[in-house]
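A.B. asks: Have a look at the structure that comes next, please.
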Amino acid sequence: MKVKSQSKKINKAWLNQHANDPYVKLAKLDGYRARAAYKLKEIDETFHLITPGDFVVDLGSTPGAWSQYLRRRLSPDGAATGKLNGHIVALDLLDMAPIDGVHFIKGDFCDEHVLAELKATMDAVQPGRLVDVVVSDMAPNLSGIESSDAARITHLIELALEFSMATLKPNGTLVVKLFNGSGYGQLVALFKQHFVLVKPIKPKSSRMKSSETFLLGRGLKRLSN
């Protein structure tokens, strides 16, 4: 009973914090599905991530806040519907409610068949075109075992990096979510092997108590075999 009582207190505290979160309130006001939209917004405004006409892939897209932001950025007048100057392809393991102009694929990014479907959809959207930006908010279900969680996070980021190396333009950009802790330094080093510019980012809208952070890589290096 004691454990259950503590759990209720923790849940109540989180709900109160969430309800009073300024970014949660702002998301409701702006019509975003989640406060996460402002993380991408800050990264975009800092590094000039998105340009009209871009081809963008959104990995780990559900519930769709990042795709919503991208859709508005690629709209000539910032609208949530209507004309779109660019292309967005999104993927997630979970369902995502439709967003006008966003091509959504439901599936596991780790599954080769799903990855093939993703690439086929990209080619159907604009045949032969390379991608300008890949953004990834993917994260595994964490077990609490640091070594195991670090391995899962690393695996997802390595897959996102491998995908980006095959689909990005030479001056393209990859943004991934990762967590401070075991394996962080190795992932930064891995990015530096493949990108000309590498920048870690902790957006203001990312909760300070969270170990969540983001890593940006821009400009593909020509690696010798």
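Within each chain, counting starts at residue 1; across the structure tokens, chains are named A, B, ... in the order shown, with ligands numbered 1 upward in that order.
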Residues near stretch 49-57 of chain A, anyone? I mean within 10 Å using only C-alpha atoms, not counting same-chain ones fewer than 5 positions away, as JSON, numbers by chain.
C.D. replies: {"A": [40, 41, 42, 43, 44, 67, 70, 71, 73, 74, 75, 76, 84, 85, 86, 87, 88, 89, 90, 91, 102, 103, 104, 118, 122, 125, 126, 129, 130, 131, 132, 133, 134, 135, 136, 164, 167, 168, 172, 173, 174, 175, 216, 218]}
A.B. asks: As a ChimeraX atom specification, please: every residue in stretch 30-121 of chain A that DSSP puts in helix (DSSP H, G or I).
C.D. replies: /A:30,37-47,65-73,112-121
A.B. asks: Would you export the selected residues with C-alpha atoms as a compact mmCIF listing (two decimals), in the first residue's frame, please?
C.D. replies:
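Contents of the output file out.txt:
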# COMPACT_ATOMS: atom_id res chain seq x y z
CA ASP A 30 -0.69 26.99 -31.31
CA ALA A 37 7.28 20.94 -31.49
CA TYR A 38 9.21 23.70 -29.73
CA LYS A 39 12.33 21.57 -29.44
CA LEU A 40 12.48 21.28 -33.22
CA LYS A 41 11.50 24.94 -33.60
CA GLU A 42 14.46 26.05 -31.48
CA ILE A 43 16.88 23.76 -33.35
CA ASP A 44 15.52 25.05 -36.66
CA GLU A 45 15.82 28.71 -35.65
CA THR A 46 19.34 28.22 -34.28
CA PHE A 47 20.79 26.28 -37.20
CA ALA A 65 4.19 17.54 -33.44
CA TRP A 66 7.45 17.60 -35.41
CA SER A 67 5.63 16.81 -38.66
CA GLN A 68 3.15 19.58 -37.86
CA TYR A 69 5.99 22.04 -37.38
CA LEU A 70 7.71 20.92 -40.58
CA ARG A 71 4.46 21.16 -42.51
CA ARG A 72 3.95 24.76 -41.36
CA ARG A 73 7.56 25.70 -42.13
CA GLU A 112 14.31 -4.11 -43.19
CA HIS A 113 10.92 -4.46 -44.91
CA VAL A 114 9.67 -1.23 -43.32
CA LEU A 115 12.88 0.55 -44.26
CA ALA A 116 12.42 -0.64 -47.86
CA GLU A 117 8.84 0.69 -47.80
CA LEU A 118 10.10 4.02 -46.46
CA LYS A 119 12.64 4.34 -49.26
CA ALA A 120 10.04 3.32 -51.86
CA THR A 121 7.65 5.99 -50.56
A.B. asks: Which residue is closest to A:Phe163? Choose from A:Met96, A:Leu59, A:Asn20, A:Ser205 and count only C-alpha atoms.
C.D. replies: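 Using only C-alpha atoms, A:Phe163 sits closest to A:Leu59.
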A.B. asks: DSSP on the backbone, then: every residue of stretch 47-201 of chain A marked strand (DSSP E or B), written as a PyMOL selection string.
C.D. replies: chain A and resi 55-59+87-92+102-106+131-136+168-179+195-201
A.B. asks: Write out as a list of chain:residue names the residues lying within 12 Å of A:Ser147, counting only C-alpha atoms and excluding same-chain residues fewer than 3 positions away.
C.D. replies: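 My reading of the contact set: A:Leu142, A:Ser143, A:Gly144, A:Ala150, A:Ala151, A:Arg152, A:Ile153, A:Thr154, A:Gly181, A:Ser182, A:Gly183, A:Tyr184.
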A.B. asks: From the set A:Phe195, A:Pro98, A:Pro140, A:Gly128, which residue has the shortest atom-to-atom contact distance to A:Pro170, counting only C-alpha atoms?
C.D. replies: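 For A:Pro170, the nearest of the given residues is A:Phe195.
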A.B. asks: To one decimal place in Å, what is the distance between atom CA of A:Leu93 and atom CA of A:Asp149?
C.D. replies: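 Atom CA of A:Asp149 lies at a distance of 18.3 Å from atom CA of A:Leu93.
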